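Structure file run-v4.txt (compact mmCIF, C-alpha atoms) follows.
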# COMPACT_ATOMS: atom_id res chain seq x y z
CA MET B 1 -80.13 201.81 186.77
CA ARG B 2 -83.83 202.24 187.51
CA LYS B 3 -85.18 204.77 185.02
CA THR B 4 -88.92 204.22 185.26
CA THR B 5 -89.74 207.20 187.48
CA LEU B 6 -87.54 209.55 185.50
CA LEU B 7 -88.94 208.49 182.14
CA ARG B 8 -92.54 208.72 183.33
CA ALA B 9 -91.94 212.23 184.63
CA ALA B 10 -90.28 213.21 181.40
CA ALA B 11 -93.11 211.78 179.33
CA ALA B 12 -95.76 213.57 181.37
CA ALA B 13 -93.94 216.88 181.26
CA THR B 14 -93.18 216.79 177.55
CA ALA B 15 -96.65 215.72 176.46
CA ALA B 16 -97.57 219.39 176.21
CA LEU B 17 -94.95 219.84 173.53
CA LEU B 18 -96.96 217.76 171.07
CA THR B 19 -99.75 220.32 171.09
CA LEU B 20 -97.35 223.15 170.36
CA SER B 21 -95.47 221.70 167.40
CA ALA B 22 -96.46 224.60 165.20
CA CYS B 23 -93.70 226.61 166.82
CA ASN B 24 -91.06 224.15 165.65
CA SER B 25 -91.10 225.19 162.01
CA ARG B 26 -90.61 228.82 163.03
CA ARG B 27 -87.82 227.75 165.36
CA GLY B 28 -86.15 225.84 162.52
CA GLN B 29 -86.32 228.93 160.32
CA ASP B 30 -84.78 230.99 163.11
CA ALA B 31 -81.88 228.53 163.27
CA GLN B 32 -81.33 228.86 159.53
CA ASP B 33 -81.40 232.63 159.82
CA SER B 34 -78.67 232.46 162.49
CA ALA B 35 -76.03 230.30 160.88
CA ALA B 36 -72.28 230.68 160.79
CA GLY B 37 -70.11 230.98 157.71
CA GLY B 38 -66.56 230.05 156.80
CA ALA B 39 -65.10 226.96 158.45
CA CYS B 40 -68.16 226.81 160.74
CA LYS B 41 -70.62 227.10 157.85
CA GLY B 42 -74.16 226.02 158.66
CA GLN B 43 -73.68 225.86 162.42
CA GLN B 44 -76.10 227.68 164.74
CA THR B 45 -75.19 231.11 166.07
CA THR B 46 -78.51 231.90 167.76
CA GLY B 47 -77.81 233.69 171.04
CA ILE B 48 -74.17 234.53 170.34
CA THR B 49 -72.57 237.49 168.56
CA ASP B 50 -69.10 238.94 168.49
CA LYS B 51 -70.02 240.95 171.59
CA THR B 52 -72.60 238.94 173.55
CA ILE B 53 -73.61 235.47 174.72
CA LYS B 54 -77.15 234.89 175.99
CA LEU B 55 -77.57 231.99 178.42
CA GLY B 56 -80.63 230.72 180.25
CA GLY B 57 -80.88 228.83 183.53
CA ILE B 58 -83.84 227.03 185.16
CA TYR B 59 -83.82 226.76 188.96
CA PRO B 60 -86.33 226.08 191.75
CA LEU B 61 -86.51 229.61 193.11
CA SER B 62 -89.71 228.49 194.83
CA GLY B 63 -91.15 225.16 195.98
CA PRO B 64 -89.75 222.25 198.01
CA ALA B 65 -86.21 222.58 196.63
CA SER B 66 -85.96 226.37 196.79
CA ALA B 67 -82.76 226.19 198.86
CA TYR B 68 -81.02 225.40 195.57
CA GLY B 69 -82.26 228.64 194.01
CA THR B 70 -79.32 230.57 195.43
CA ILE B 71 -77.03 228.65 193.05
CA SER B 72 -78.23 231.03 190.36
CA LYS B 73 -76.82 233.93 192.40
CA GLY B 74 -73.38 232.34 192.41
CA VAL B 75 -73.60 231.80 188.65
CA ALA B 76 -74.81 235.34 187.98
CA ALA B 77 -72.10 236.85 190.18
CA TYR B 78 -69.43 234.95 188.26
CA PHE B 79 -70.68 236.18 184.89
CA LYS B 80 -70.94 239.77 186.14
CA TYR B 81 -67.41 239.48 187.50
CA VAL B 82 -66.16 238.22 184.14
CA ASN B 83 -68.12 240.85 182.24
CA ALA B 84 -66.42 243.57 184.27
CA GLN B 85 -63.11 242.20 183.02
CA GLY B 86 -64.14 242.27 179.37
CA GLY B 87 -66.27 239.17 179.11
CA ILE B 88 -65.54 235.73 177.69
CA ASP B 89 -63.37 236.10 174.59
CA GLY B 90 -64.62 239.67 174.40
CA ARG B 91 -68.28 238.69 174.73
CA LYS B 92 -70.45 239.92 177.60
CA VAL B 93 -72.69 237.27 179.14
CA GLU B 94 -76.40 237.84 179.66
CA PHE B 95 -77.75 235.25 182.09
CA ILE B 96 -81.53 234.82 182.25
CA VAL B 97 -82.92 232.89 185.22
CA ARG B 98 -86.29 231.15 185.23
CA ASP B 99 -88.16 229.50 188.12
CA ASP B 100 -89.71 226.05 187.68
CA GLY B 101 -90.59 225.45 191.33
CA TYR B 102 -89.01 221.98 191.01
CA GLN B 103 -91.95 220.98 188.76
CA PRO B 104 -91.08 219.20 185.49
CA PRO B 105 -94.04 220.60 183.48
CA LYS B 106 -93.02 224.12 184.51
CA ALA B 107 -89.43 223.36 183.49
CA VAL B 108 -90.68 222.47 180.00
CA GLU B 109 -92.60 225.73 179.81
CA GLU B 110 -89.57 227.75 180.86
CA ALA B 111 -87.25 225.90 178.49
CA ARG B 112 -89.53 226.72 175.58
CA ARG B 113 -89.63 230.35 176.64
CA LEU B 114 -85.85 230.56 176.84
CA VAL B 115 -85.37 228.92 173.44
CA GLU B 116 -88.24 230.33 171.42
CA GLN B 117 -88.73 233.78 172.94
CA GLU B 118 -85.42 234.71 174.54
CA LYS B 119 -83.44 232.82 171.86
CA VAL B 120 -80.65 231.82 174.22
CA PHE B 121 -77.41 230.31 173.00
CA ALA B 122 -77.66 227.50 175.55
CA VAL B 123 -79.76 226.41 178.49
CA PHE B 124 -77.00 226.29 181.04
CA GLN B 125 -78.07 224.60 184.27
CA THR B 126 -81.40 222.91 184.62
CA LEU B 127 -81.60 221.86 188.24
CA GLY B 128 -82.84 218.48 189.39
CA THR B 129 -83.15 215.08 187.78
CA PRO B 130 -86.94 215.28 187.07
CA SER B 131 -86.78 218.75 185.49
CA THR B 132 -83.70 217.93 183.43
CA ALA B 133 -85.28 214.71 182.16
CA ALA B 134 -88.43 216.62 181.26
CA VAL B 135 -86.67 219.06 178.95
CA TRP B 136 -83.77 217.18 177.40
CA ASP B 137 -85.81 215.61 174.57
CA TYR B 138 -87.03 219.07 173.57
CA LEU B 139 -83.62 220.73 173.80
CA ASN B 140 -81.90 217.96 171.90
CA LYS B 141 -84.57 218.05 169.16
CA GLN B 142 -84.02 221.80 168.87
CA LYS B 143 -80.25 221.25 168.94
CA VAL B 144 -79.78 223.63 171.84
CA PRO B 145 -76.86 222.88 174.21
CA GLN B 146 -77.86 221.85 177.74
CA PRO B 147 -74.44 221.91 179.41
CA PHE B 148 -73.52 221.07 182.98
CA VAL B 149 -76.97 220.25 184.35
CA ALA B 150 -77.25 220.56 188.13
CA THR B 151 -77.92 216.93 188.92
CA GLY B 152 -75.64 213.97 189.42
CA ALA B 153 -77.85 211.32 187.83
CA SER B 154 -75.62 208.85 186.01
CA LEU B 155 -78.01 208.95 183.06
CA TRP B 156 -76.48 212.20 181.79
CA GLY B 157 -73.17 210.45 181.29
CA THR B 158 -74.32 207.02 180.11
CA ASP B 159 -77.01 208.01 177.61
CA ASP B 160 -75.88 208.26 174.00
CA LYS B 161 -79.11 209.58 172.46
CA HIS B 162 -78.90 213.15 173.82
CA PRO B 163 -75.56 214.59 172.66
CA TRP B 164 -76.60 218.15 173.51
CA THR B 165 -76.99 217.37 177.25
CA ILE B 166 -74.19 216.68 179.73
CA GLY B 167 -73.78 216.73 183.50
CA TRP B 168 -71.06 218.38 185.56
CA GLN B 169 -70.96 217.33 189.20
CA PRO B 170 -69.83 213.83 190.20
CA SER B 171 -72.50 211.24 189.54
CA TYR B 172 -74.60 209.89 192.38
CA VAL B 173 -73.25 206.42 191.63
CA ALA B 174 -69.67 207.66 192.02
CA GLU B 175 -70.60 209.40 195.27
CA ALA B 176 -72.19 206.20 196.55
CA ARG B 177 -69.00 204.31 195.75
CA VAL B 178 -66.99 206.71 197.91
CA TYR B 179 -69.27 206.06 200.90
CA ALA B 180 -69.07 202.32 200.28
CA LYS B 181 -65.27 202.46 200.15
CA TYR B 182 -65.18 204.45 203.39
CA LEU B 183 -67.44 201.98 205.22
CA ARG B 184 -65.53 198.98 203.90
CA GLU B 185 -62.39 200.43 205.47
CA GLU B 186 -63.84 201.92 208.66
CA LYS B 187 -66.98 199.89 209.46
CA PRO B 188 -66.71 196.67 207.44
CA LYS B 189 -69.69 195.08 209.20
CA ALA B 190 -71.92 198.15 209.12
CA LYS B 191 -75.68 197.83 209.24
CA VAL B 192 -77.06 200.63 207.09
CA ALA B 193 -80.46 202.30 207.16
CA VAL B 194 -81.27 204.37 204.07
CA LEU B 195 -83.54 207.38 203.74
CA TYR B 196 -84.02 208.37 200.10
CA GLN B 197 -86.09 210.65 197.91
CA ASN B 198 -88.52 208.56 195.87
CA ASP B 199 -87.33 209.53 192.41
CA ASP B 200 -84.39 208.77 190.19
CA PHE B 201 -82.08 210.97 192.25
CA GLY B 202 -82.65 208.88 195.36
CA LYS B 203 -82.79 205.55 193.53
CA ASP B 204 -79.62 206.27 191.56
CA LEU B 205 -77.52 206.88 194.68
CA LEU B 206 -79.16 204.03 196.59
CA GLY B 207 -78.64 201.61 193.72
CA GLY B 208 -75.01 202.64 193.35
CA PHE B 209 -74.43 202.08 197.05
CA GLN B 210 -76.06 198.68 197.09
CA LYS B 211 -73.94 197.52 194.17
CA ALA B 212 -70.78 198.92 195.75
CA VAL B 213 -71.28 197.01 199.02
CA ALA B 214 -72.45 193.79 197.42
CA GLY B 215 -70.40 190.84 198.62
CA SER B 216 -69.02 192.70 201.63
CA GLY B 217 -69.96 192.49 205.28
CA ILE B 218 -71.95 195.73 204.95
CA LYS B 219 -75.71 195.20 204.90
CA VAL B 220 -78.61 197.51 204.09
CA VAL B 221 -81.05 196.54 206.83
CA ALA B 222 -83.78 199.16 206.32
CA LYS B 223 -84.98 201.54 203.61
CA GLU B 224 -87.54 204.32 203.73
CA SER B 225 -88.50 206.70 200.94
CA TYR B 226 -90.31 210.02 200.92
CA GLU B 227 -92.07 212.21 198.36
CA VAL B 228 -91.11 215.83 197.78
CA THR B 229 -94.69 216.73 198.72
CA ASP B 230 -94.44 215.06 202.16
CA PRO B 231 -94.80 217.55 205.02
CA SER B 232 -92.59 215.57 207.41
CA LEU B 233 -90.14 212.69 207.64
CA SER B 234 -91.08 211.74 211.21
CA ALA B 235 -92.62 208.39 210.31
CA GLN B 236 -89.75 207.37 208.05
CA MET B 237 -87.11 208.31 210.61
CA ALA B 238 -88.95 206.47 213.37
CA SER B 239 -89.11 203.35 211.22
CA LEU B 240 -85.41 203.53 210.37
CA ALA B 241 -84.51 203.98 214.04
CA ARG B 242 -86.26 200.72 214.87
CA SER B 243 -83.76 198.91 212.64
CA LYS B 244 -81.01 199.79 215.12
CA ALA B 245 -78.66 200.32 212.19
CA ASP B 246 -75.30 201.86 213.06
CA VAL B 247 -75.13 203.93 209.83
CA LEU B 248 -77.77 206.23 208.33
CA LEU B 249 -77.32 206.97 204.62
CA ASP B 250 -79.27 210.17 204.07
CA ILE B 251 -80.18 210.75 200.39
CA THR B 252 -82.24 213.92 200.59
CA THR B 253 -82.57 217.42 199.19
CA PRO B 254 -81.99 220.40 201.55
CA LYS B 255 -85.45 220.82 203.11
CA PHE B 256 -85.69 217.13 203.95
CA GLY B 257 -82.03 216.93 204.88
CA SER B 258 -82.66 219.43 207.67
CA GLN B 259 -85.68 217.42 208.83
CA ALA B 260 -83.70 214.18 208.87
CA LEU B 261 -80.85 215.74 210.82
CA ALA B 262 -83.29 217.21 213.34
CA ALA B 263 -85.07 213.87 213.81
CA ASP B 264 -81.75 212.10 214.23
CA ALA B 265 -80.61 214.61 216.86
CA LYS B 266 -83.91 214.36 218.73
CA ASN B 267 -83.77 210.57 219.02
CA THR B 268 -81.05 210.19 221.64
CA LYS B 269 -81.57 206.41 221.79
CA TRP B 270 -80.34 205.97 218.24
CA ASN B 271 -76.91 207.31 217.32
CA PRO B 272 -75.87 206.07 213.89
CA LEU B 273 -73.03 207.47 211.83
CA HIS B 274 -74.99 209.97 209.72
CA ILE B 275 -73.82 210.15 206.09
CA MET B 276 -75.36 213.15 204.34
CA ASN B 277 -75.31 213.10 200.55
CA ASN B 278 -73.45 215.93 198.85
CA VAL B 279 -76.42 217.83 197.41
CA ALA B 280 -77.79 218.49 200.90
CA SER B 281 -74.47 219.08 202.63
CA SER B 282 -74.44 222.86 202.67
CA ALA B 283 -73.92 224.39 206.10
CA ALA B 284 -77.17 226.24 205.40
CA VAL B 285 -78.93 222.86 205.70
CA LEU B 286 -77.18 222.00 208.96
CA LYS B 287 -77.42 225.39 210.68
CA PRO B 288 -81.19 225.33 211.42
CA VAL B 289 -80.69 222.05 213.29
CA GLY B 290 -77.97 223.60 215.46
CA PHE B 291 -74.32 222.88 214.77
CA LYS B 292 -73.97 221.16 218.14
CA ASN B 293 -76.50 218.58 216.95
CA VAL B 294 -74.74 217.65 213.71
CA GLN B 295 -71.21 216.98 214.91
CA GLY B 296 -69.56 214.06 213.13
CA VAL B 297 -71.88 213.98 210.13
CA VAL B 298 -69.95 212.74 207.07
CA SER B 299 -70.32 213.79 203.43
CA THR B 300 -68.26 214.38 200.29
CA THR B 301 -67.19 217.39 198.27
CA TYR B 302 -65.12 218.32 195.25
CA PHE B 303 -64.89 222.11 195.49
CA LYS B 304 -63.49 224.53 198.03
CA ASP B 305 -65.62 225.44 201.02
CA PRO B 306 -65.54 229.24 201.37
CA ALA B 307 -66.04 228.83 205.14
CA ASP B 308 -62.91 226.71 205.51
CA PRO B 309 -60.02 228.83 206.87
CA GLN B 310 -57.47 226.85 204.85
CA TRP B 311 -58.73 228.75 201.78
CA ALA B 312 -58.72 232.17 203.46
CA ASN B 313 -55.87 233.42 201.27
CA ASP B 314 -56.86 231.49 198.17
CA PRO B 315 -57.09 233.94 195.22
CA GLU B 316 -60.21 232.31 193.78
CA ILE B 317 -62.04 232.33 197.11
CA LYS B 318 -61.12 235.98 197.55
CA ALA B 319 -62.40 236.82 194.07
CA TYR B 320 -65.59 234.88 194.75
CA LYS B 321 -66.30 236.60 198.05
CA ASP B 322 -65.58 240.05 196.64
CA ALA B 323 -67.79 239.44 193.61
CA LEU B 324 -70.64 238.03 195.67
CA HIS B 325 -70.48 241.03 197.99
CA LYS B 326 -70.58 243.39 195.01
CA TYR B 327 -73.03 241.65 192.67
CA ALA B 328 -75.20 239.58 195.05
CA PRO B 329 -75.04 241.38 198.42
CA ASP B 330 -78.02 239.40 199.74
CA ALA B 331 -76.26 236.07 199.13
CA ASP B 332 -74.22 234.39 201.87
CA PRO B 333 -70.67 233.73 200.60
CA GLY B 334 -70.38 230.95 203.18
CA ASN B 335 -73.24 229.04 201.55
CA GLN B 336 -71.70 226.20 199.54
CA PHE B 337 -74.52 226.39 196.98
CA ASN B 338 -73.31 229.85 195.98
CA ALA B 339 -69.76 228.53 195.67
CA TYR B 340 -71.10 225.67 193.54
CA GLY B 341 -72.73 228.20 191.21
CA TRP B 342 -69.46 230.09 190.87
CA ALA B 343 -67.53 226.88 190.19
CA VAL B 344 -69.88 225.54 187.51
CA ALA B 345 -70.01 228.94 185.77
CA SER B 346 -66.23 228.97 185.75
CA GLY B 347 -66.33 225.51 184.20
CA LEU B 348 -68.61 226.75 181.43
CA HIS B 349 -66.22 229.66 180.88
CA GLN B 350 -63.47 227.14 180.19
CA ALA B 351 -65.68 225.23 177.76
CA LEU B 352 -66.68 228.40 175.90
CA ASP B 353 -63.02 229.31 175.59
CA ALA B 354 -62.35 225.85 174.12
CA MET B 355 -64.95 226.09 171.35
CA LYS B 356 -63.44 225.61 167.91
CA CYS B 357 -66.46 227.42 166.45
CA PRO B 358 -68.46 230.11 168.32
CA THR B 359 -71.65 228.14 167.70
CA ARG B 360 -74.06 225.87 169.49
CA GLU B 361 -72.35 222.92 167.83
CA GLY B 362 -69.02 224.27 169.02
CA LEU B 363 -70.18 224.27 172.64
CA ARG B 364 -71.76 220.83 172.30
CA ASP B 365 -68.43 219.43 171.15
CA ALA B 366 -66.28 221.41 173.60
CA VAL B 367 -67.96 220.07 176.75
CA ARG B 368 -67.40 216.51 175.52
CA ASN B 369 -63.70 217.02 174.84
CA LEU B 370 -62.29 218.40 178.07
CA LYS B 371 -58.76 217.33 178.95
CA ASP B 372 -57.82 217.83 182.61
CA VAL B 373 -59.27 221.34 182.59
CA LYS B 374 -58.48 223.28 185.74
CA VAL B 375 -61.22 225.23 187.52
CA ASP B 376 -59.81 227.25 190.40
CA MET B 377 -62.81 226.72 192.70
CA LEU B 378 -62.36 222.95 192.59
CA LEU B 379 -60.23 221.13 195.16
CA PRO B 380 -56.55 220.70 194.27
CA GLY B 381 -56.14 217.78 191.91
CA VAL B 382 -59.76 217.83 190.73
CA THR B 383 -60.07 218.69 187.04
CA LEU B 384 -62.67 218.40 184.29
CA SER B 385 -62.18 215.56 181.81
CA THR B 386 -64.45 214.12 179.14
CA GLY B 387 -63.89 212.23 175.94
CA PRO B 388 -65.22 209.47 173.70
CA GLY B 389 -67.19 207.04 175.85
CA ASP B 390 -66.79 209.17 178.99
CA ALA B 391 -69.29 211.99 179.50
CA PHE B 392 -68.67 212.47 183.22
CA PRO B 393 -66.71 215.74 183.65
CA LEU B 394 -66.05 215.29 187.39
CA GLU B 395 -65.58 211.98 189.16
CA THR B 396 -63.14 212.82 191.99
CA MET B 397 -64.38 213.55 195.51
CA GLN B 398 -63.02 213.82 199.02
CA LEU B 399 -64.70 212.92 202.28
CA MET B 400 -65.46 215.58 204.86
CA ARG B 401 -66.70 215.55 208.44
CA PHE B 402 -68.62 218.30 210.21
CA LYS B 403 -66.73 219.57 213.25
CA GLY B 404 -67.39 222.74 215.19
CA GLU B 405 -69.10 225.10 212.76
CA ARG B 406 -67.77 223.85 209.45
CA TRP B 407 -66.83 220.88 207.33
CA GLN B 408 -63.31 219.51 207.57
CA LEU B 409 -61.75 217.45 204.80
CA PHE B 410 -60.22 214.10 205.72
CA GLY B 411 -58.56 211.26 203.88
CA LYS B 412 -57.38 211.61 200.31
CA PRO B 413 -59.32 212.54 197.17
CA VAL B 414 -60.86 209.46 195.57
CA ASP B 415 -60.70 209.35 191.79
CA THR B 416 -63.64 207.04 191.22
CA ARG B 417 -62.99 206.99 187.50
CA LYS B 418 -59.64 205.29 188.09
CA GLU B 419 -60.71 203.20 191.07
CA PHE B 420 -64.10 201.94 189.91
CA GLY B 421 -64.48 202.92 186.27
CA PRO B 422 -67.41 205.00 184.97
CA PRO B 423 -70.94 204.23 186.19
CA ALA B 424 -72.32 201.35 184.17
CA LYS B 425 -75.10 201.85 181.66

Represent the supplied structure as structure tokens.
Amino acid sequence: MRKTTLLRAAAAATAALLTLSACNSRRGQDAQDSAAGGACKGQQTTGITDKTIKLGGIYPLSGPASAYGTISKGVAAYFKYVNAQGGIDGRKVEFIVRDDGYQPPKAVEEARRLVEQEKVFAVFQTLGTPSTAAVWDYLNKQKVPQPFVATGASLWGTDDKHPWTIGWQPSYVAEARVYAKYLREEKPKAKVAVLYQNDDFGKDLLGGFQKAVAGSGIKVVAKESYEVTDPSLSAQMASLARSKADVLLDITTPKFGSQALAADAKNTKWNPLHIMNNVASSAAVLKPVGFKNVQGVVSTTYFKDPADPQWANDPEIKAYKDALHKYAPDADPGNQFNAYGWAVASGLHQALDAMKCPTREGLRDAVRNLKDVKVDMLLPGVTLSTGPGDAFPLETMQLMRFKGERWQLFGKPVDTRKEFGPPAK
């Protein structure tokens, strides 16, 4: 996997930490002052008591990836819903949200604030590969859990030097394998043009796809990248159109996903099968383009779409919609990003319940020892599983196609863990 961009971003963002090392000794003393006794003797209890759990989250509430910011509303609604029922094992959850604007240096600043000032139990959800990479050295040095980061980079599951950090959603490599499998079966001689974000998110999915189609009749005939600071994708889309590829693999974040869809719809002389990567597949990304212009777009998912009528009577979807209406009335329950937030918070709930010790170490160990854990917002048959040598909680996805005004599932769920094995280191 190409790690250069990610590691450079992390190094640049964490450089500021070296000038602030004086805080570390105080932080170490705080950890000693908040230690468990009994069978959990010496383990950290900072941020957790018999009655409360304090969690922090870092999201791009502003900036080029601000569409993801609403995930925090889904998370917060879940915790408020659980608190109203007595909390998690009797503990009420306090969830503190910080904005990094999708800027790694800002993520470092906010992580320090959450750990050293707010004294959170865990930094639950850092969003984005660059921001997560920027803070994981710091959080692991401080021995603060960083569970279920909101990024599918395969690094979170293959790295063995950061035991306090783990992903949640299916890896980008696994997602790429699903698209490759689909094309092998449906368009075995496909000519693919790829649009990708020029960072380790885009390169991870692109690299996984290229490996998955190697040796087949499927060829990548054109590639164009973009920067998150680019104002437009017009030039890249025009270049890709000239390739006359019959498939467009779209590896973008929401803002640029909408631009790519709009450019594709506008160019009536080029009509490729448009594959939209999962992290930009929310209907909120497609709607500005006009649903009539995005018919037939293909993507993947692993959790229930609240807009899909097949889940209309599903108890978890009902609970989610009621809670969002009550605790986040400005949030659209049909937005899949809000449903994602609810699902991942529910997953953390399960991990907190599974802790052998109510400590940071207990959570660190719990998220790495999940055995077919059911989360009601996930699609039937999709469960959380981790264990020795396998730090990828979710690796099963199902294809979906946009039809009418919503996504429709098709085919069968693909357990990439069984079919392909875990993403290689």

- Task: For the point (-69.4, 240.9, 188.9) in the file's frame, write as JSON, numbers by chain all residues with an atom no more than 10 Å away, counting only C-alpha atoms.
- Result: {"B": [76, 77, 78, 79, 80, 81, 82, 83, 84, 85, 319, 320, 322, 323, 324, 325, 326, 327, 328]}

- Task: Excluding Cys40 of chain B and any residue of its chain fewer than 6 positions from it, enumerate the residues within 9 Å of it, using only C-alpha atoms, and give them as a PyMOL selection string.
- Result: chain B and resi 356-359+362

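For the pair atom CA of Pro309 of chain B and atom CA of Arg177 of chain B, the separation is 28.4 Å.
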
Can you build me a table of segment 192-303 of chain B residues sitting at most 9 Å from segment 49-65 of chain B, with the closest atom pair per residue and its distance in Å to one decimal, using only C-alpha atoms, sorted by chain and residue number, as JSON lines?
{"residue": "B:Val228", "atom": "CA", "partner": "B:Pro64", "partner_atom": "CA", "distance": 6.6}
{"residue": "B:Thr229", "atom": "CA", "partner": "B:Pro64", "partner_atom": "CA", "distance": 7.4}
{"residue": "B:Thr253", "atom": "CA", "partner": "B:Ala65", "partner_atom": "CA", "distance": 6.8}
{"residue": "B:Pro254", "atom": "CA", "partner": "B:Ala65", "partner_atom": "CA", "distance": 6.8}
{"residue": "B:Lys255", "atom": "CA", "partner": "B:Ala65", "partner_atom": "CA", "distance": 6.8}
{"residue": "B:Phe256", "atom": "CA", "partner": "B:Pro64", "partner_atom": "CA", "distance": 8.8}

- Query: Which one of B:Gly42, B:Pro104, B:Gly202, B:Gly341 sits closest to Glu361 of chain B if you count all atoms listed in the file?
  - Reply: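 Ranking B:Gly42, B:Pro104, B:Gly202, B:Gly341 by distance to Glu361 of chain B, first place goes to B:Gly42.
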
- Message: Could you check the closest approach to Lys321 of chain B for each of B:Ser299, B:Ser232, B:Arg406, B:Gly74 and tell me which residue wins, using all atoms listed in the file?
- Response: B:Gly74

- For Ser243 of chain B, which residue out of B:Asn271, B:Thr416, B:Asn198, B:Thr383 is the nearest one, using all atoms listed in the file?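 The answer is B:Asn271, which sits nearest to Ser243 of chain B.
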
- Query: Between atom CA of Leu195 of chain B and atom CA of Leu233 of chain B, what is the spacing in Å?
  - Reply: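 Those two atoms sit 9.3 Å apart.
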
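Of note, atom CA of Val149 of chain B and atom CA of Thr252 of chain B are spaced 18.2 Å apart.
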
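The residue that comes closest to Ala307 of chain B, out of B:Glu405, B:Glu175, B:Glu227, B:Asp137 and on the basis of all atoms listed in the file, is B:Glu405.
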
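Across B:Ser234, B:Gln210, B:Gln169, B:Asn369, the tightest approach to Tyr302 of chain B is made by B:Gln169 when counting only C-alpha atoms.
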
May I have a table of the residues of segment 294-397 of chain B lying at most 9 Å from segment 123-135 of chain B, giving each one's closest pair of atoms and their distance in Å to one decimal, counting all atoms listed in the file, ordered by chain and ascending residue number, as JSON lines?
{"residue": "B:Val344", "atom": "CA", "partner": "B:Gln125", "partner_atom": "CA", "distance": 8.9}
{"residue": "B:Ala345", "atom": "CA", "partner": "B:Phe124", "partner_atom": "CA", "distance": 8.8}
{"residue": "B:Leu348", "atom": "CA", "partner": "B:Phe124", "partner_atom": "CA", "distance": 8.4}

- Message: Report as JSON, numbers by chain all protein, DNA and RNA residues lying within 10 Å of Leu363 of chain B, evaluated on all atoms listed in the file, omitting residues in the same chain fewer than 6 positions from it.
- Response: {"B": [121, 122, 144, 145, 146, 147, 164, 348, 351, 352, 353, 354, 355, 356, 357, 369]}

- Query: Any idea what's packed within 8 Å of Pro423 of chain B, counting all atoms listed in the file, ignoring anything in its chain fewer than 6 positions away? Could you give it as JSON, numbers by chain?
  - Reply: {"B": [154, 158, 171, 173, 174]}

- Which of these residues is nearest to Thr300 of chain B, using all atoms listed in the file: B:Glu419, B:Glu395, B:Glu94, B:Asp330?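 Using all atoms listed in the file, Thr300 of chain B sits closest to B:Glu395.
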
- Task: Excluding Gly387 of chain B and residues on its chain fewer than 5 positions from it, collect all residues at most 9 Å away from it, counting only C-alpha atoms, and give them as a list of chain:residue names.
- Result: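 Once the adjacent positions are removed, what remains is B:Val367, B:Arg368, B:Asn369, B:Leu370, B:Lys371, B:Phe392, B:Pro393.
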
Atoms kept (C-alpha atoms) for selection, written as a short mmCIF file (atom, residue, chain, number, x, y, z; two decimals), in the frame of the given file:
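This went into selection24.cif:
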data_model
loop_
_atom_site.label_atom_id
_atom_site.label_comp_id
_atom_site.auth_asym_id
_atom_site.auth_seq_id
_atom_site.Cartn_x
_atom_site.Cartn_y
_atom_site.Cartn_z
CA VAL B 367 -67.96 220.07 176.75
CA ARG B 368 -67.40 216.51 175.52
CA ASN B 369 -63.70 217.02 174.84
CA LEU B 370 -62.29 218.40 178.07
CA LYS B 371 -58.76 217.33 178.95
CA PHE B 392 -68.67 212.47 183.22
CA PRO B 393 -66.71 215.74 183.65
#
